[in-house]
>>> print(open('final_13.cif').read())   # mmCIF, C-alpha atoms
data_model
#
loop_
_atom_site.label_atom_id
_atom_site.label_comp_id
_atom_site.auth_asym_id
_atom_site.auth_seq_id
_atom_site.Cartn_x
_atom_site.Cartn_y
_atom_site.Cartn_z
CA MET A 1 -27.71 11.25 4.71
CA LYS A 2 -27.67 7.53 3.87
CA ARG A 3 -30.38 8.13 1.27
CA VAL A 4 -28.41 10.99 -0.36
CA PHE A 5 -25.35 8.73 -0.45
CA SER A 6 -27.32 5.92 -2.14
CA ILE A 7 -28.86 8.26 -4.73
CA LEU A 8 -25.50 9.88 -5.54
CA SER A 9 -23.83 6.44 -5.76
CA PHE A 10 -26.43 5.28 -8.26
CA LEU A 11 -26.07 8.51 -10.28
CA THR A 12 -22.28 8.09 -10.29
CA ALA A 13 -22.54 4.49 -11.51
CA VAL A 14 -24.90 5.53 -14.34
CA LEU A 15 -22.59 8.40 -15.33
CA LEU A 16 -19.53 6.14 -15.31
CA VAL A 17 -21.23 3.61 -17.61
CA TYR A 18 -22.42 6.43 -19.89
CA GLY A 19 -18.92 7.95 -19.86
CA LEU A 20 -17.43 4.57 -20.80
CA TYR A 21 -19.88 4.29 -23.69
CA GLN A 22 -19.04 7.81 -24.84
CA ALA A 23 -15.29 7.15 -24.62
CA LEU A 24 -15.22 3.76 -26.35
CA VAL A 25 -18.15 3.91 -28.78
CA ALA A 26 -19.67 7.35 -29.35
CA ALA A 27 -16.53 9.53 -29.58
CA PRO A 28 -14.96 9.53 -33.06
CA THR A 29 -11.53 7.97 -33.61
CA GLU A 30 -8.71 10.50 -33.67
CA GLN A 31 -6.97 10.62 -37.09
CA THR A 32 -3.29 10.60 -36.05
CA MET A 33 -3.22 8.45 -32.92
CA GLY A 34 -6.18 6.19 -33.63
CA ASP A 35 -7.93 4.33 -30.80
CA VAL A 36 -5.11 4.89 -28.32
CA GLN A 37 -6.23 8.53 -28.04
CA ARG A 38 -9.31 7.27 -26.17
CA ILE A 39 -7.05 6.73 -23.11
CA PHE A 40 -7.26 10.52 -22.79
CA TYR A 41 -10.93 10.23 -21.66
CA TYR A 42 -9.75 8.41 -18.52
CA HIS A 43 -6.28 9.89 -18.08
CA VAL A 44 -7.24 13.59 -17.88
CA PRO A 45 -10.37 13.18 -15.66
CA SER A 46 -8.28 11.01 -13.29
CA ALA A 47 -5.64 13.77 -13.10
CA TRP A 48 -8.32 16.42 -12.53
CA THR A 49 -9.92 14.38 -9.74
CA ALA A 50 -6.53 13.76 -8.11
CA PHE A 51 -5.81 17.51 -8.16
CA CYS A 52 -9.24 18.30 -6.64
CA LEU A 53 -8.61 15.75 -3.89
CA PHE A 54 -5.15 17.11 -3.15
CA PHE A 55 -6.65 20.61 -2.86
CA THR A 56 -9.31 19.21 -0.52
CA ASN A 57 -6.45 17.75 1.49
CA LEU A 58 -4.78 21.18 1.55
CA PHE A 59 -7.90 23.02 2.79
CA ALA A 60 -8.68 20.31 5.35
CA SER A 61 -5.08 20.44 6.61
CA ILE A 62 -5.20 24.25 6.95
CA ALA A 63 -8.56 23.93 8.75
CA TYR A 64 -7.02 21.38 11.11
CA LEU A 65 -4.03 23.62 11.85
CA ILE A 66 -6.33 26.56 12.64
CA TRP A 67 -9.22 24.92 14.51
CA LYS A 68 -7.72 21.54 15.53
CA ASN A 69 -10.92 19.87 14.40
CA PRO A 70 -10.49 16.05 14.22
CA LYS A 71 -13.09 15.86 11.43
CA ALA A 72 -10.91 18.14 9.26
CA ASP A 73 -7.99 15.81 9.95
CA ALA A 74 -10.11 12.78 8.98
CA LEU A 75 -11.06 14.53 5.71
CA ALA A 76 -7.38 15.30 5.06
CA VAL A 77 -6.45 11.61 5.43
CA ALA A 78 -9.37 10.47 3.25
CA SER A 79 -8.72 12.96 0.42
CA ALA A 80 -4.97 12.22 0.37
CA GLU A 81 -5.53 8.47 0.12
CA VAL A 82 -8.16 8.67 -2.61
CA GLY A 83 -6.04 11.31 -4.41
CA VAL A 84 -3.11 8.87 -4.44
CA VAL A 85 -5.36 6.20 -6.01
CA PHE A 86 -6.35 8.58 -8.84
CA CYS A 87 -2.78 9.83 -9.25
CA THR A 88 -1.60 6.19 -9.54
CA ILE A 89 -4.06 5.74 -12.41
CA VAL A 90 -2.63 8.87 -14.09
CA LEU A 91 0.90 7.49 -13.76
CA ILE A 92 -0.15 4.12 -15.22
CA THR A 93 -2.41 5.26 -18.08
CA GLY A 94 0.10 7.96 -19.16
CA PRO A 95 2.93 5.55 -20.03
CA ILE A 96 0.42 3.11 -21.64
CA TRP A 97 -0.59 6.00 -23.95
CA ALA A 98 3.04 7.14 -24.45
CA ARG A 99 4.37 3.76 -25.60
CA PRO A 100 2.52 3.61 -28.96
CA VAL A 101 2.52 7.41 -29.49
CA TRP A 102 6.04 8.45 -28.40
CA GLY A 103 7.67 5.02 -28.75
CA ILE A 104 8.77 5.06 -25.08
CA TRP A 105 7.08 4.26 -21.79
CA TRP A 106 8.62 7.09 -19.78
CA THR A 107 10.79 10.17 -20.20
CA TRP A 108 12.05 12.56 -17.52
CA ASP A 109 9.92 15.34 -18.94
CA ILE A 110 8.88 18.17 -16.57
CA ARG A 111 5.16 17.23 -16.51
CA LEU A 112 5.85 13.54 -15.93
CA THR A 113 8.54 14.16 -13.33
CA THR A 114 6.52 16.68 -11.31
CA THR A 115 3.53 14.28 -11.34
CA LEU A 116 5.75 11.48 -10.05
CA VAL A 117 7.11 13.82 -7.34
CA LEU A 118 3.52 14.77 -6.40
CA TRP A 119 2.60 11.09 -6.06
CA LEU A 120 5.71 10.42 -3.94
CA ILE A 121 4.91 13.37 -1.61
CA TYR A 122 1.41 12.06 -0.92
CA VAL A 123 2.64 8.48 -0.52
CA ALA A 124 5.08 9.88 2.08
CA TYR A 125 2.13 11.66 3.71
CA LEU A 126 0.19 8.37 3.93
CA VAL A 127 3.23 6.49 5.26
CA LEU A 128 3.58 9.17 7.95
CA ARG A 129 -0.11 8.80 8.87
CA ARG A 130 0.11 5.02 8.91
CA PHE A 131 3.28 4.47 10.94
CA SER A 132 3.60 7.49 13.21
CA ASP A 133 1.28 7.46 16.21
CA THR A 134 2.24 10.49 18.29
CA ALA A 135 -0.01 13.42 19.17
CA GLN A 136 2.03 15.60 16.81
CA THR A 137 1.45 13.38 13.74
CA PRO A 138 -1.66 15.24 12.43
CA VAL A 139 0.16 18.57 12.73
CA LEU A 140 3.28 17.28 10.95
CA ALA A 141 1.11 15.67 8.26
CA ALA A 142 -0.86 18.91 7.78
CA VAL A 143 2.39 20.85 7.25
CA LEU A 144 3.62 18.21 4.79
CA ALA A 145 0.27 18.43 2.97
CA ILE A 146 0.71 22.20 2.51
CA PHE A 147 4.15 21.67 0.93
CA GLY A 148 2.77 18.81 -1.17
CA ALA A 149 -0.06 20.95 -2.54
CA LEU A 150 2.51 23.48 -3.83
CA ASP A 151 3.48 20.86 -6.41
CA VAL A 152 -0.07 20.73 -7.87
CA PRO A 153 0.12 24.14 -9.71
CA LEU A 154 3.66 23.25 -10.77
CA VAL A 155 2.37 20.06 -12.42
CA TYR A 156 -0.52 21.89 -14.08
CA PHE A 157 1.39 24.93 -15.39
CA SER A 158 4.62 23.08 -16.25
CA ILE A 159 3.50 22.50 -19.83
CA TRP A 160 3.03 26.25 -20.33
CA PHE A 161 6.24 27.44 -18.71
CA PHE A 162 8.68 24.74 -19.84
CA ARG A 163 9.46 23.04 -23.11
CA THR A 164 7.83 19.62 -22.83
CA GLN A 165 6.86 16.52 -24.77
CA HIS A 166 3.49 16.32 -23.01
CA PRO A 167 0.46 17.43 -25.11
CA GLN A 168 -0.90 20.92 -24.45
CA PRO A 169 -4.23 21.32 -22.59
CA VAL A 170 -7.27 20.52 -24.70
CA MET A 171 -9.43 23.24 -23.25
CA GLY A 172 -8.71 26.96 -22.97
CA LYS A 173 -5.22 28.08 -23.92
CA GLY A 174 -3.35 25.64 -26.16
CA GLY A 175 -5.82 23.37 -27.92
CA SER A 176 -9.31 22.47 -29.04
CA LEU A 177 -11.45 19.34 -29.34
CA ALA A 178 -14.10 18.34 -31.87
CA PRO A 179 -17.59 18.71 -30.27
CA PRO A 180 -18.34 14.93 -29.93
CA MET A 181 -14.91 14.40 -28.38
CA LEU A 182 -15.42 17.36 -26.06
CA TYR A 183 -18.80 15.94 -25.00
CA ALA A 184 -17.27 12.51 -24.23
CA PHE A 185 -14.49 14.21 -22.32
CA LEU A 186 -16.86 16.39 -20.26
CA MET A 187 -19.09 13.41 -19.43
CA ASN A 188 -16.09 11.47 -18.15
CA LEU A 189 -14.81 14.52 -16.29
CA LEU A 190 -18.16 14.83 -14.52
CA ALA A 191 -18.38 11.08 -13.85
CA PHE A 192 -14.85 10.88 -12.43
CA THR A 193 -15.30 14.00 -10.29
CA LEU A 194 -18.49 12.57 -8.80
CA PHE A 195 -16.83 9.16 -8.38
CA GLY A 196 -13.90 10.81 -6.58
CA ILE A 197 -16.28 12.65 -4.24
CA MET A 198 -18.19 9.45 -3.44
CA VAL A 199 -15.05 7.39 -2.79
CA CYS A 200 -13.62 10.20 -0.64
CA TRP A 201 -16.89 10.41 1.27
CA SER A 202 -16.79 6.63 1.93
CA ARG A 203 -13.15 6.82 3.03
CA TYR A 204 -14.00 9.75 5.33
CA ARG A 205 -16.78 7.70 6.98
CA LEU A 206 -14.37 4.78 7.32
CA GLU A 207 -11.80 7.05 8.98
CA LEU A 208 -14.41 8.30 11.48
CA LEU A 209 -15.44 4.70 12.21
CA ARG A 210 -11.78 3.69 12.66
CA ARG A 211 -11.29 6.50 15.19
CA GLU A 212 -14.48 5.48 17.00
CA VAL A 213 -13.21 1.88 17.29
CA GLU A 214 -9.80 3.13 18.43
CA ALA A 215 -11.44 5.30 21.12
CA ALA A 216 -13.61 2.35 22.22
CA HIS A 217 -10.48 0.16 22.52
CA ALA A 218 -8.75 2.85 24.58
CA MET A 219 -11.80 3.15 26.83
CA GLU A 220 -12.01 -0.63 27.18
CA SER A 221 -8.37 -0.94 28.23
CA LEU A 222 -8.83 2.00 30.65
CA VAL A 223 -11.86 0.32 32.25
CA GLY A 224 -9.97 -2.99 32.29
CA ALA A 225 -6.99 -1.37 34.02
CA GLU A 226 -9.27 0.30 36.60
CA THR A 227 -11.09 -2.99 37.31
CA SER A 228 -7.85 -4.91 37.76
CA ALA A 229 -6.48 -2.12 39.97
CA LYS A 230 -9.60 -2.30 42.16
CA ALA A 231 -9.37 -6.11 42.28
CA SER A 232 -5.73 -6.02 43.32
CA LEU A 233 -6.28 -3.30 45.97
CA PRO A 234 -7.62 -5.54 48.81
CA LEU A 235 -4.89 -8.05 48.01
CA SER A 236 -2.18 -5.43 48.29
CA ARG A 237 -3.78 -4.16 51.55
CA SER A 238 -3.86 -7.70 52.96
CA VAL A 239 -0.21 -8.15 52.02
CA ARG A 240 0.60 -5.06 54.02
CA MET B 1 -1.33 2.68 -35.53
CA ASN B 2 -3.12 -0.18 -33.80
CA GLY B 3 -3.47 0.98 -30.23
CA ILE B 4 -6.44 -1.17 -29.25
CA LYS B 5 -4.40 -3.39 -26.88
CA PHE B 6 -2.94 -0.29 -25.20
CA LEU B 7 -6.42 1.21 -24.94
CA PHE B 8 -7.82 -1.88 -23.24
CA ALA B 9 -4.75 -2.18 -21.01
CA ALA B 10 -5.30 1.39 -19.77
CA TYR B 11 -9.03 0.92 -19.14
CA ILE B 12 -8.58 -2.48 -17.46
CA ALA B 13 -5.76 -1.08 -15.26
CA THR B 14 -7.99 1.85 -14.24
CA TRP B 15 -10.93 -0.34 -13.23
CA PHE B 16 -8.71 -2.95 -11.62
CA ILE B 17 -7.19 -0.29 -9.33
CA HIS B 18 -10.58 1.23 -8.49
CA GLY B 19 -12.07 -2.23 -7.90
CA ALA B 20 -9.21 -3.27 -5.62
CA TYR B 21 -9.45 -0.04 -3.63
CA LEU B 22 -13.24 -0.24 -3.25
CA THR B 23 -12.95 -3.88 -2.12
CA HIS B 24 -10.38 -2.79 0.46
CA LEU B 25 -12.75 -0.06 1.71
CA VAL B 26 -15.73 -2.44 1.97
CA ARG B 27 -13.64 -5.06 3.85
CA SER B 28 -12.29 -2.43 6.25
CA PHE B 29 -15.84 -1.17 6.94
CA LYS B 30 -17.01 -4.71 7.66
CA ARG B 31 -14.03 -5.49 9.94
CA LEU B 32 -14.46 -2.27 11.96
CA ARG B 33 -18.23 -2.71 12.31
CA ASP B 34 -17.73 -6.31 13.51
CA GLU B 35 -15.10 -5.12 15.98
CA LEU B 36 -17.41 -2.40 17.30
CA ARG B 37 -20.30 -4.89 17.62
CA GLU B 38 -18.04 -7.32 19.53
CA MET B 39 -17.06 -4.58 21.96
CA GLU B 40 -20.70 -3.56 22.48
CA LYS B 41 -21.55 -7.22 23.31
CA LYS B 42 -18.85 -7.25 26.02
#
>>> encode(input="final_13.cif", output="C-alpha cells")
Amino acid sequence: MKRVFSILSFLTAVLLVYGLYQALVAAPTEQTMGDVQRIFYYHVPSAWTAFCLFFTNLFASIAYLIWKNPKADALAVASAEVGVVFCTIVLITGPIWARPVWGIWWTWDIRLTTTLVLWLIYVAYLVLRRFSDTAQTPVLAAVLAIFGALDVPLVYFSIWFFRTQHPQPVMGKGGSLAPPMLYAFLMNLLAFTLFGIMVCWSRYRLELLRREVEAAHAMESLVGAETSAKASLPLSRSVR
Amino acid sequence: MNGIKFLFAAYIATWFIHGAYLTHLVRSFKRLRDELREMEKK
C-alpha cells in the first residue's frame, strides 16, 4: 500500500507541474479577459474536487449511520476537512478573478452565496468534530453532513435555475472552450482530482493514527488506574 | 486588461493554502508517531 501511495504521489506531483505549465504557458490567452482568465484553470478544478470530497463525506456518513463502522467515520472527517481546504481556495480565487473582470470583489449572487453557505456548513461540521467529544458526536456529524451535501447540487445547478452574474459552465450545456484551453483545463481537472484523493488519503491515515494514539492513551490511563487501585488496596485493608 | 498580478495572486494563494495544510498534516503525523513511540517505550 505504501508503494502505491508513493507512486500515486509522484504521478500527482508530475501532473500538477504539467497542469501549471499548461495553465500559465501552453493555453492561449483569452481575448476579452486576458491573462486573468487563467485563474479558471485552478478555480474550477478546485470546486470540482471540493464537490467530490463533500460527496465522499456524504457516502461515508451514510455508511457510518448504517453500519457504525469507525473507518467510515474517519473517512467522513478526512473528506470534510480536505473539502473545506479546496472550497476555501474556490472562495479566494473567485473574488481575485472577479475584481478585474466584474470590478468588484464580491456580490451576493446565488452561486457565490450558496458556495459560502456550503463552506460554512462544513466548517460547522469540523467545529462539531473538534470540540464535541461525546459518543453521539459521529452520529450528529453524519446527520449534519447529509444536510450539508444537499447544498452541493444547489451550488452546481444555481447558475441554470437562477439569473446570475457567474459565468455559465464551460462544458456541456451553456458554453464551449477552444481545444488547447479545454486540454489545459482537463489536465488541471485530473491533477487536482488526484491531488484531492492523495491529500484525503493522507488525512484518513492521520485520523486512524490519531484514534490509535487516543485508544492507547485510554488504555494507559486504565492500566494506571488499575495499578494504583491495586497498590492502594493493602493500605486501605491495613487502615481497616 | 492587465490581470497578471491577479493571476499570480490567485496561484500563489492556492499553493500557499495547500502548502500550509500539507505542512500541518506532516507535523501532525510526526507528533502522533512520536507520541505512540513514547508510549511503546513505557
>>> interface_residues(input="final_13.cif", of="chain A", to="chain B", cutoff="10 Å", atoms="only C-alpha atoms", output="compact mmCIF listing (two decimals) with C-alpha atoms, in the frame of the given file")
# COMPACT_ATOMS: atom_id res chain seq x y z
CA LEU A 20 -17.43 4.57 -20.80
CA LEU A 24 -15.22 3.76 -26.35
CA GLN A 31 -6.97 10.62 -37.09
CA THR A 32 -3.29 10.60 -36.05
CA MET A 33 -3.22 8.45 -32.92
CA GLY A 34 -6.18 6.19 -33.63
CA ASP A 35 -7.93 4.33 -30.80
CA VAL A 36 -5.11 4.89 -28.32
CA GLN A 37 -6.23 8.53 -28.04
CA ARG A 38 -9.31 7.27 -26.17
CA ILE A 39 -7.05 6.73 -23.11
CA PHE A 40 -7.26 10.52 -22.79
CA TYR A 41 -10.93 10.23 -21.66
CA TYR A 42 -9.75 8.41 -18.52
CA HIS A 43 -6.28 9.89 -18.08
CA SER A 46 -8.28 11.01 -13.29
CA VAL A 82 -8.16 8.67 -2.61
CA VAL A 85 -5.36 6.20 -6.01
CA PHE A 86 -6.35 8.58 -8.84
CA THR A 88 -1.60 6.19 -9.54
CA ILE A 89 -4.06 5.74 -12.41
CA VAL A 90 -2.63 8.87 -14.09
CA ILE A 92 -0.15 4.12 -15.22
CA THR A 93 -2.41 5.26 -18.08
CA GLY A 94 0.10 7.96 -19.16
CA PRO A 95 2.93 5.55 -20.03
CA ILE A 96 0.42 3.11 -21.64
CA TRP A 97 -0.59 6.00 -23.95
CA ALA A 98 3.04 7.14 -24.45
CA ARG A 99 4.37 3.76 -25.60
CA PRO A 100 2.52 3.61 -28.96
CA VAL A 101 2.52 7.41 -29.49
CA VAL A 199 -15.05 7.39 -2.79
CA SER A 202 -16.79 6.63 1.93
CA ARG A 203 -13.15 6.82 3.03
CA ARG A 205 -16.78 7.70 6.98
CA LEU A 206 -14.37 4.78 7.32
CA GLU A 207 -11.80 7.05 8.98
CA LEU A 209 -15.44 4.70 12.21
CA ARG A 210 -11.78 3.69 12.66
CA ARG A 211 -11.29 6.50 15.19
CA GLU A 212 -14.48 5.48 17.00
CA VAL A 213 -13.21 1.88 17.29
CA GLU A 214 -9.80 3.13 18.43
CA ALA A 216 -13.61 2.35 22.22
CA HIS A 217 -10.48 0.16 22.52
CA GLU A 220 -12.01 -0.63 27.18
>>> atom_distance(input="final_13.cif", atom1="CA of Leu116 in chain A", atom2="CA of Cys87 in chain A")
8.7 Å
>>> residues_around(input="final_13.cif", residues="Arg130 in chain A", least_positions_apart="5", cutoff="12 Å", atoms="only C-alpha atoms", output="PyMOL selection string")
chain A and resi 77+81+123-125+137-138+141
>>> atom_distance(input="final_13.cif", atom1="CA of Ser79 in chain A", atom2="CA of Phe10 in chain A")
21.2 Å
>>> residues_near_point(input="final_13.cif", point="(4.9, 23.6, -20.8)", cutoff="12 Å", atoms="only C-alpha atoms", output="list in words")
Asp109, Ile110, Arg111, Leu112, Thr114, Leu154, Val155, Tyr156, Phe157, Ser158, Ile159, Trp160, Phe161, Phe162, Arg163, Thr164, Gln165, His166, Pro167, Gln168, Pro169, Lys173 and Gly174 of chain A
>>> closest_residue(input="final_13.cif", among="A:Phe195, A:Phe55, A:Trp105, A:Trp119", to="Thr12 in chain A", atoms="all atoms listed in the file")
A:Phe195
>>> residues_around(input="final_13.cif", residues="Tyr204 in chain A", least_positions_apart="6", cutoff="7 Å", atoms="all atoms listed in the file", output="PyMOL selection string")
chain A and resi 74-75+78
